[in-house]
file input_31.pdb (PDB, C-alpha atoms)
MODEL        1
ATOM      1  CA  MET A   1      33.839  80.313 107.744
ATOM      2  CA  HIS A   2      32.004  81.964 110.628
ATOM      3  CA  GLN A   3      30.484  85.290 109.734
ATOM      4  CA  ASP A   4      29.300  87.821 112.304
ATOM      5  CA  GLU A   5      26.106  89.582 111.270
ATOM      6  CA  GLY A   6      27.583  93.029 112.010
ATOM      7  CA  PHE A   7      30.897  92.401 110.255
ATOM      8  CA  PRO A   8      30.716  89.688 107.614
ATOM      9  CA  VAL A   9      34.126  88.153 106.861
ATOM     10  CA  SER A  10      34.972  85.689 104.111
ATOM     11  CA  ARG A  11      38.194  83.854 103.360
ATOM     12  CA  ARG A  12      38.431  85.683 100.065
ATOM     13  CA  GLY A  13      38.032  89.004 101.831
ATOM     14  CA  VAL A  14      40.824  88.246 104.293
ATOM     15  CA  ILE A  15      43.237  87.333 101.487
ATOM     16  CA  ALA A  16      42.339  90.395  99.429
ATOM     17  CA  GLY A  17      42.774  92.649 102.437
ATOM     18  CA  GLY A  18      46.208  91.194 103.201
ATOM     19  CA  VAL A  19      47.412  91.706  99.639
ATOM     20  CA  ALA A  20      46.181  95.290  99.633
ATOM     21  CA  SER A  21      47.925  96.042 102.927
ATOM     22  CA  ALA A  22      51.216  94.580 101.701
ATOM     23  CA  THR A  23      51.010  96.574  98.496
ATOM     24  CA  LEU A  24      50.405  99.819 100.350
ATOM     25  CA  ALA A  25      53.266  99.115 102.755
ATOM     26  CA  ALA A  26      55.689  98.431  99.907
ATOM     27  CA  ALA A  27      54.732 101.456  97.809
ATOM     28  CA  PRO A  28      56.671 104.628  98.717
ATOM     29  CA  SER A  29      54.647 107.654  99.566
ATOM     30  CA  ALA A  30      54.541 110.678  97.289
ATOM     31  CA  GLN A  31      56.597 112.589  99.847
ATOM     32  CA  ALA A  32      59.240 109.876  99.973
ATOM     33  CA  GLN A  33      59.445 109.822  96.172
ATOM     34  CA  THR A  34      59.908 113.587  96.111
ATOM     35  CA  GLN A  35      62.650 113.421  98.733
ATOM     36  CA  GLY A  36      64.370 110.641  96.774
ATOM     37  CA  ALA A  37      64.313 112.731  93.612
ATOM     38  CA  VAL A  38      65.882 115.659  95.433
ATOM     39  CA  GLN A  39      68.592 113.500  97.028
ATOM     40  CA  SER A  40      69.471 111.806  93.726
ATOM     41  CA  ALA A  41      71.019 115.006  92.348
ATOM     42  CA  PRO A  42      74.800 114.606  92.833
ATOM     43  CA  PRO A  43      76.665 117.313  94.741
ATOM     44  CA  THR A  44      78.789 119.473  92.462
ATOM     45  CA  MET A  45      81.661 121.848  93.086
ATOM     46  CA  PRO A  46      83.591 124.376  90.991
ATOM     47  CA  VAL A  47      87.273 123.642  90.400
ATOM     48  CA  THR A  48      90.005 125.414  88.463
ATOM     49  CA  LEU A  49      92.429 123.064  86.737
ATOM     50  CA  LYS A  50      95.684 124.189  85.156
ATOM     51  CA  VAL A  51      96.344 121.537  82.540
ATOM     52  CA  ASN A  52      99.220 121.734  80.071
ATOM     53  CA  GLY A  53      99.607 125.459  80.669
ATOM     54  CA  ARG A  54      95.922 126.221  80.141
ATOM     55  CA  THR A  55      93.559 127.231  82.961
ATOM     56  CA  THR A  56      90.028 125.860  82.821
ATOM     57  CA  LYS A  57      87.147 126.322  85.258
ATOM     58  CA  LEU A  58      84.807 123.374  85.637
ATOM     59  CA  THR A  59      81.830 122.403  87.750
ATOM     60  CA  VAL A  60      82.038 118.700  88.464
ATOM     61  CA  ASP A  61      80.421 116.038  90.581
ATOM     62  CA  THR A  62      82.555 115.933  93.728
ATOM     63  CA  ARG A  63      83.121 112.220  93.088
ATOM     64  CA  THR A  64      84.678 112.813  89.662
ATOM     65  CA  THR A  65      88.225 111.510  89.449
ATOM     66  CA  LEU A  66      90.970 113.595  87.888
ATOM     67  CA  LEU A  67      91.173 110.940  85.153
ATOM     68  CA  ASP A  68      87.515 111.331  84.227
ATOM     69  CA  ALA A  69      87.716 115.124  84.370
ATOM     70  CA  LEU A  70      90.645 115.044  81.934
ATOM     71  CA  ARG A  71      89.017 112.586  79.563
ATOM     72  CA  GLU A  72      85.334 113.493  79.755
ATOM     73  CA  ASN A  73      85.344 117.199  80.598
ATOM     74  CA  LEU A  74      88.542 118.405  78.937
ATOM     75  CA  LYS A  75      88.589 115.766  76.150
ATOM     76  CA  LEU A  76      92.251 114.975  76.792
ATOM     77  CA  THR A  77      91.959 111.299  75.943
ATOM     78  CA  GLY A  78      95.684 110.620  75.756
ATOM     79  CA  THR A  79      95.564 109.665  79.428
ATOM     80  CA  LYS A  80      94.148 106.146  79.416
ATOM     81  CA  LYS A  81      91.728 104.372  81.726
ATOM     82  CA  GLY A  82      93.134 100.905  82.253
ATOM     83  CA  CYS A  83      92.320  99.081  85.474
ATOM     84  CA  ASP A  84      90.730 102.136  87.170
ATOM     85  CA  HIS A  85      92.188 100.821  90.436
ATOM     86  CA  GLY A  86      95.672 102.372  90.425
ATOM     87  CA  GLN A  87      97.391  99.110  89.535
ATOM     88  CA  CYS A  88      98.398  99.493  85.862
ATOM     89  CA  GLY A  89      99.740 103.057  85.574
ATOM     90  CA  ALA A  90      98.011 103.785  82.243
ATOM     91  CA  CYS A  91      96.442 106.913  83.778
ATOM     92  CA  THR A  92      99.712 108.406  85.072
ATOM     93  CA  VAL A  93      99.976 112.195  84.822
ATOM     94  CA  ILE A  94     102.362 114.700  86.373
ATOM     95  CA  VAL A  95     100.954 117.014  89.046
ATOM     96  CA  GLU A  96     103.191 119.722  90.459
ATOM     97  CA  GLY A  97     106.195 117.799  89.128
ATOM     98  CA  ARG A  98     105.186 114.476  90.714
ATOM     99  CA  ARG A  99     103.613 111.531  88.936
ATOM    100  CA  ILE A 100     100.308 110.227  90.214
ATOM    101  CA  ASN A 101      97.629 107.753  89.191
ATOM    102  CA  SER A 102      94.849 110.071  88.102
ATOM    103  CA  CYS A 103      92.208 107.371  88.629
ATOM    104  CA  LEU A 104      92.853 107.399  92.386
ATOM    105  CA  THR A 105      92.439 111.112  93.048
ATOM    106  CA  LEU A 106      89.490 113.478  92.819
ATOM    107  CA  ALA A 107      89.507 116.424  90.441
ATOM    108  CA  VAL A 108      88.420 118.830  93.192
ATOM    109  CA  MET A 109      91.584 117.981  95.155
ATOM    110  CA  HIS A 110      93.763 119.692  92.543
ATOM    111  CA  GLU A 111      92.453 123.235  92.608
ATOM    112  CA  GLY A 112      94.997 125.504  90.915
ATOM    113  CA  GLU A 113      97.707 122.846  90.623
ATOM    114  CA  GLU A 114      99.891 122.429  87.534
ATOM    115  CA  ILE A 115      98.932 119.238  85.708
ATOM    116  CA  THR A 116     100.797 117.801  82.724
ATOM    117  CA  THR A 117      99.350 115.060  80.540
ATOM    118  CA  ILE A 118     100.911 113.357  77.538
ATOM    119  CA  GLU A 119      99.405 116.088  75.333
ATOM    120  CA  GLY A 120     101.388 118.689  77.276
ATOM    121  CA  LEU A 121     104.778 117.013  76.861
ATOM    122  CA  GLY A 122     105.053 117.282  73.108
ATOM    123  CA  THR A 123     103.258 117.281  69.770
ATOM    124  CA  PRO A 124     103.609 115.095  66.661
ATOM    125  CA  GLU A 125     105.529 117.970  65.070
ATOM    126  CA  LYS A 126     107.748 118.552  68.110
ATOM    127  CA  LEU A 127     108.139 115.456  70.238
ATOM    128  CA  HIS A 128     109.390 115.526  73.799
ATOM    129  CA  ALA A 129     112.781 113.804  74.085
ATOM    130  CA  MET A 130     111.169 110.887  75.923
ATOM    131  CA  GLN A 131     108.509 110.490  73.256
ATOM    132  CA  ALA A 132     111.167 110.467  70.560
ATOM    133  CA  ALA A 133     113.210 107.883  72.488
ATOM    134  CA  PHE A 134     110.164 105.587  72.806
ATOM    135  CA  VAL A 135     109.754 105.754  69.025
ATOM    136  CA  LYS A 136     113.466 105.169  68.435
ATOM    137  CA  HIS A 137     113.637 102.124  70.731
ATOM    138  CA  ASP A 138     110.186 100.737  69.906
ATOM    139  CA  GLY A 139     109.079 101.166  73.495
ATOM    140  CA  TYR A 140     105.443 101.806  72.658
ATOM    141  CA  GLN A 141     104.254  98.666  70.786
ATOM    142  CA  CYS A 142     100.413  98.624  71.036
ATOM    143  CA  GLY A 143     100.549 102.115  72.562
ATOM    144  CA  TYR A 144      97.769 101.863  75.159
ATOM    145  CA  CYS A 145     100.049 102.124  78.195
ATOM    146  CA  THR A 146     102.481 104.478  76.448
ATOM    147  CA  PRO A 147     101.124 107.851  77.665
ATOM    148  CA  GLY A 148     101.375 106.709  81.279
ATOM    149  CA  GLN A 149     104.763 105.097  80.665
ATOM    150  CA  ILE A 150     106.181 108.297  79.167
ATOM    151  CA  CYS A 151     104.789 110.561  81.888
ATOM    152  CA  SER A 152     106.144 108.184  84.510
ATOM    153  CA  ALA A 153     109.546 107.997  82.782
ATOM    154  CA  VAL A 154     109.858 111.793  82.646
ATOM    155  CA  ALA A 155     108.978 112.069  86.330
ATOM    156  CA  THR A 156     111.330 109.202  87.197
ATOM    157  CA  LEU A 157     114.331 111.065  85.830
ATOM    158  CA  GLY A 158     113.110 114.137  87.702
ATOM    159  CA  GLU A 159     112.990 112.157  90.952
ATOM    160  CA  ILE A 160     116.536 110.865  90.454
ATOM    161  CA  LYS A 161     117.785 114.339  89.601
ATOM    162  CA  ALA A 162     116.154 115.660  92.774
ATOM    163  CA  GLY A 163     117.944 113.006  94.830
ATOM    164  CA  ILE A 164     114.807 111.129  95.878
ATOM    165  CA  PRO A 165     115.775 107.533  96.804
ATOM    166  CA  SER A 166     113.855 104.420  95.831
ATOM    167  CA  HIS A 167     113.522 100.997  97.435
ATOM    168  CA  VAL A 168     116.691  99.777  95.673
ATOM    169  CA  THR A 169     118.863 102.826  96.391
ATOM    170  CA  GLY A 170     121.879 101.524  98.292
ATOM    171  CA  ASP A 171     122.812 104.716 100.124
ATOM    172  CA  ILE A 172     119.810 106.927 100.766
ATOM    173  CA  ALA A 173     122.112 109.732 101.890
ATOM    174  CA  ALA A 174     123.799 109.807  98.479
ATOM    175  CA  LYS A 175     122.302 111.007  95.223
ATOM    176  CA  PRO A 176     120.870 108.031  93.309
ATOM    177  CA  ALA A 177     122.312 107.169  89.916
ATOM    178  CA  VAL A 178     120.421 106.334  86.738
ATOM    179  CA  THR A 179     120.950 102.590  86.775
ATOM    180  CA  THR A 180     118.854  99.874  85.212
ATOM    181  CA  ASP A 181     117.838  98.611  88.659
ATOM    182  CA  GLU A 182     116.704 102.106  89.672
ATOM    183  CA  LEU A 183     114.665 102.487  86.502
ATOM    184  CA  ARG A 184     113.087  99.057  86.824
ATOM    185  CA  GLU A 185     112.069  99.749  90.410
ATOM    186  CA  ARG A 186     110.733 103.228  89.752
ATOM    187  CA  MET A 187     108.810 102.154  86.633
ATOM    188  CA  SER A 188     107.401  98.993  88.221
ATOM    189  CA  GLY A 189     103.990 100.600  88.725
ATOM    190  CA  ASN A 190     103.499 100.945  84.965
ATOM    191  CA  ILE A 191     102.371  97.701  83.372
ATOM    192  CA  CYS A 192     102.991  96.890  79.695
ATOM    193  CA  ARG A 193     101.012  93.879  78.512
ATOM    194  CA  CYS A 194     103.014  93.763  75.268
ATOM    195  CA  GLY A 195     106.160  93.123  77.300
ATOM    196  CA  ALA A 196     108.196  96.035  75.927
ATOM    197  CA  TYR A 197     109.944  96.613  79.245
ATOM    198  CA  ALA A 198     113.493  96.202  77.896
ATOM    199  CA  ASN A 199     112.833  98.734  75.150
ATOM    200  CA  ILE A 200     111.270 101.181  77.618
ATOM    201  CA  ILE A 201     114.350 100.990  79.847
ATOM    202  CA  ASP A 202     116.567 101.582  76.794
ATOM    203  CA  ALA A 203     114.509 104.658  75.910
ATOM    204  CA  ILE A 204     114.888 106.133  79.396
ATOM    205  CA  HIS A 205     118.629 105.440  79.424
ATOM    206  CA  ASP A 206     118.879 107.173  76.057
ATOM    207  CA  VAL A 207     117.240 110.344  77.386
ATOM    208  CA  ALA A 208     119.355 110.234  80.543
ATOM    209  CA  GLY A 209     122.546 109.724  78.532
ATOM    210  CA  THR A 210     123.416 106.600  80.491
ATOM    211  CA  GLU A 211     124.103 102.989  79.573
ATOM    212  CA  ARG A 212     122.074  99.911  80.442
ATOM    213  CA  THR A 213     123.558  97.888  83.285
ATOM    214  CA  ALA A 214     123.081  94.188  83.940
TER     215      ALA A 214
ENDMDL
END
call {"tool": "encode", "arguments": {"input": "input_31.pdb", "output": "structure tokens"}}
result
Amino acid sequence: MHQDEGFPVSRRGVIAGGVASATLAAAPSAQAQTQGAVQSAPPTMPVTLKVNGRTTKLTVDTRTTLLDALRENLKLTGTKKGCDHGQCGACTVIVEGRRINSCLTLAVMHEGEEITTIEGLGTPEKLHAMQAAFVKHDGYQCGYCTPGQICSAVATLGEIKAGIPSHVTGDIAAKPAVTTDELRERMSGNICRCGAYANIIDAIHDVAGTERTA
């Protein structure tokens, strides 16, 4: 290789220089590393949750779902994490009287709202009527989906009582009745992999004081 007397260059020198330049370009600067460390801290926010009649103040990552706040922060593990995509209903809780999938909503969105989980419906010593009916009719089977099923069932009867129609309600101007079709439609967002659907419907009918229809 040609070498100039004032600036000697070898093939080895060119290769070594190129590798060094690439390494320096790829390595983040100390300032960039410091900025990255600062930005990695997640934003947090205080929130007051009223769960099962008890008020608790938390500081949570703003991305924390209500489901994770209940399970991880408040240790209320009765509410289950199933699909974590709002498709199975295992995480159903009752917020301000309405059932929701707690995996699809952020904890900070429920400041001061009344939240009821399965732990707030009843205790082993004093079961809620719906819990007792699930036991009576063997509607729980493996039990994983049961907390969400029961919360959803309680809210379903509340919806019917309030006159809220569903997709199968024939006359939306009239108060819906507790029929098997209504219950099947309203409970369709709660999946039971054991296949205890018939028993679950029987349990809800029992609490409502109605009879199963074809």
call {"tool": "residues_near_point", "arguments": {"input": "input_31.pdb", "point": "(113.1, 106.1, 78.3)", "cutoff": "9 Å", "atoms": "only C-alpha atoms", "output": "ChimeraX atom specification"}}
result
/A:129-131,133-134,137,139,149-150,153-154,199-208
call {"tool": "residues_around", "arguments": {"input": "input_31.pdb", "residues": "A:Ser152", "least_positions_apart": "5", "cutoff": "9 Å", "atoms": "all atoms listed in the file", "output": "PyMOL selection string"}}
result
chain A and resi 89+92-94+98-100+147+157+186-187+189-190
call {"tool": "resolve_selection", "arguments": {"input": "input_31.pdb", "expression": "the PyMOL selection byres ((chain A and resi 69-77) around 10)", "output": "mmCIF file with C-alpha atoms, keeping the file's coordinate frame"}}
result
data_model
loop_
_atom_site.group_PDB
_atom_site.id
_atom_site.type_symbol
_atom_site.label_atom_id
_atom_site.label_comp_id
_atom_site.auth_asym_id
_atom_site.auth_seq_id
_atom_site.Cartn_x
_atom_site.Cartn_y
_atom_site.Cartn_z
ATOM 1 C CA LEU A 49 92.429 123.064 86.737
ATOM 2 C CA VAL A 51 96.344 121.537 82.540
ATOM 3 C CA THR A 56 90.028 125.860 82.821
ATOM 4 C CA LEU A 58 84.807 123.374 85.637
ATOM 5 C CA THR A 59 81.830 122.403 87.750
ATOM 6 C CA VAL A 60 82.038 118.700 88.464
ATOM 7 C CA ASP A 61 80.421 116.038 90.581
ATOM 8 C CA THR A 64 84.678 112.813 89.662
ATOM 9 C CA THR A 65 88.225 111.510 89.449
ATOM 10 C CA LEU A 66 90.970 113.595 87.888
ATOM 11 C CA LEU A 67 91.173 110.940 85.153
ATOM 12 C CA ASP A 68 87.515 111.331 84.227
ATOM 13 C CA GLY A 78 95.684 110.620 75.756
ATOM 14 C CA THR A 79 95.564 109.665 79.428
ATOM 15 C CA LYS A 80 94.148 106.146 79.416
ATOM 16 C CA LYS A 81 91.728 104.372 81.726
ATOM 17 C CA SER A 102 94.849 110.071 88.102
ATOM 18 C CA CYS A 103 92.208 107.371 88.629
ATOM 19 C CA LEU A 106 89.490 113.478 92.819
ATOM 20 C CA ALA A 107 89.507 116.424 90.441
ATOM 21 C CA VAL A 108 88.420 118.830 93.192
ATOM 22 C CA THR A 117 99.350 115.060 80.540
ATOM 23 C CA ILE A 118 100.911 113.357 77.538
ATOM 24 C CA GLU A 119 99.405 116.088 75.333
ATOM 25 C CA GLY A 120 101.388 118.689 77.276
ATOM 26 C CA PRO A 147 101.124 107.851 77.665
#
call {"tool": "closest_residue", "arguments": {"input": "input_31.pdb", "among": "A:Ile191, A:Tyr197, A:Val178, A:Cys142", "to": "A:Thr213", "atoms": "only C-alpha atoms"}}
result
A:Val178
call {"tool": "atom_distance", "arguments": {"input": "input_31.pdb", "atom1": "atom CA of A:Val135", "atom2": "atom CA of A:Ala177"}}
result
24.4 Å
call {"tool": "resolve_selection", "arguments": {"input": "input_31.pdb", "expression": "the PyMOL selection byres ((chain A and resi 181) around 9)", "output": "list in words"}}
result
Val168, Thr169, Val178, Thr179, Thr180, Glu182, Leu183, Arg184, Glu185, Arg186, Thr213 and Ala214 of chain A
call {"tool": "atom_distance", "arguments": {"input": "input_31.pdb", "atom1": "atom CA of A:Thr116", "atom2": "atom CA of A:Tyr140"}}
result
19.5 Å
call {"tool": "atom_distance", "arguments": {"input": "input_31.pdb", "atom1": "atom CA of A:Thr146", "atom2": "atom CA of A:Cys91"}}
result
9.8 Å
call {"tool": "closest_residue", "arguments": {"input": "input_31.pdb", "among": "A:Gly195, A:Gly97, A:Gly112, A:Gly53", "to": "A:Glu159", "atoms": "only C-alpha atoms"}}
result
A:Gly97
call {"tool": "closest_residue", "arguments": {"input": "input_31.pdb", "among": "A:Thr44, A:Lys50, A:Glu96, A:Gly82", "to": "A:Ala155", "atoms": "only C-alpha atoms"}}
result
A:Glu96
call {"tool": "residues_around", "arguments": {"input": "input_31.pdb", "residues": "A:Pro176", "least_positions_apart": "5", "cutoff": "8 Å", "atoms": "only C-alpha atoms", "output": "ChimeraX atom specification"}}
result
/A:160-161,163-165,169,171
call {"tool": "write_last_selection", "arguments": {"input": "input_31.pdb", "atoms": "C-alpha atoms", "output": "mmCIF file, in the frame of the given file"}}
result
data_model
loop_
_atom_site.group_PDB
_atom_site.id
_atom_site.type_symbol
_atom_site.label_atom_id
_atom_site.label_comp_id
_atom_site.auth_asym_id
_atom_site.auth_seq_id
_atom_site.Cartn_x
_atom_site.Cartn_y
_atom_site.Cartn_z
ATOM 1 C CA ILE A 160 116.536 110.865 90.454
ATOM 2 C CA LYS A 161 117.785 114.339 89.601
ATOM 3 C CA GLY A 163 117.944 113.006 94.830
ATOM 4 C CA ILE A 164 114.807 111.129 95.878
ATOM 5 C CA PRO A 165 115.775 107.533 96.804
ATOM 6 C CA THR A 169 118.863 102.826 96.391
ATOM 7 C CA ASP A 171 122.812 104.716 100.124
#
call {"tool": "closest_residue", "arguments": {"input": "input_31.pdb", "among": "A:His110, A:Gly148, A:Lys57, A:Ile115", "to": "A:Gly86", "atoms": "only C-alpha atoms"}}
result
A:Gly148
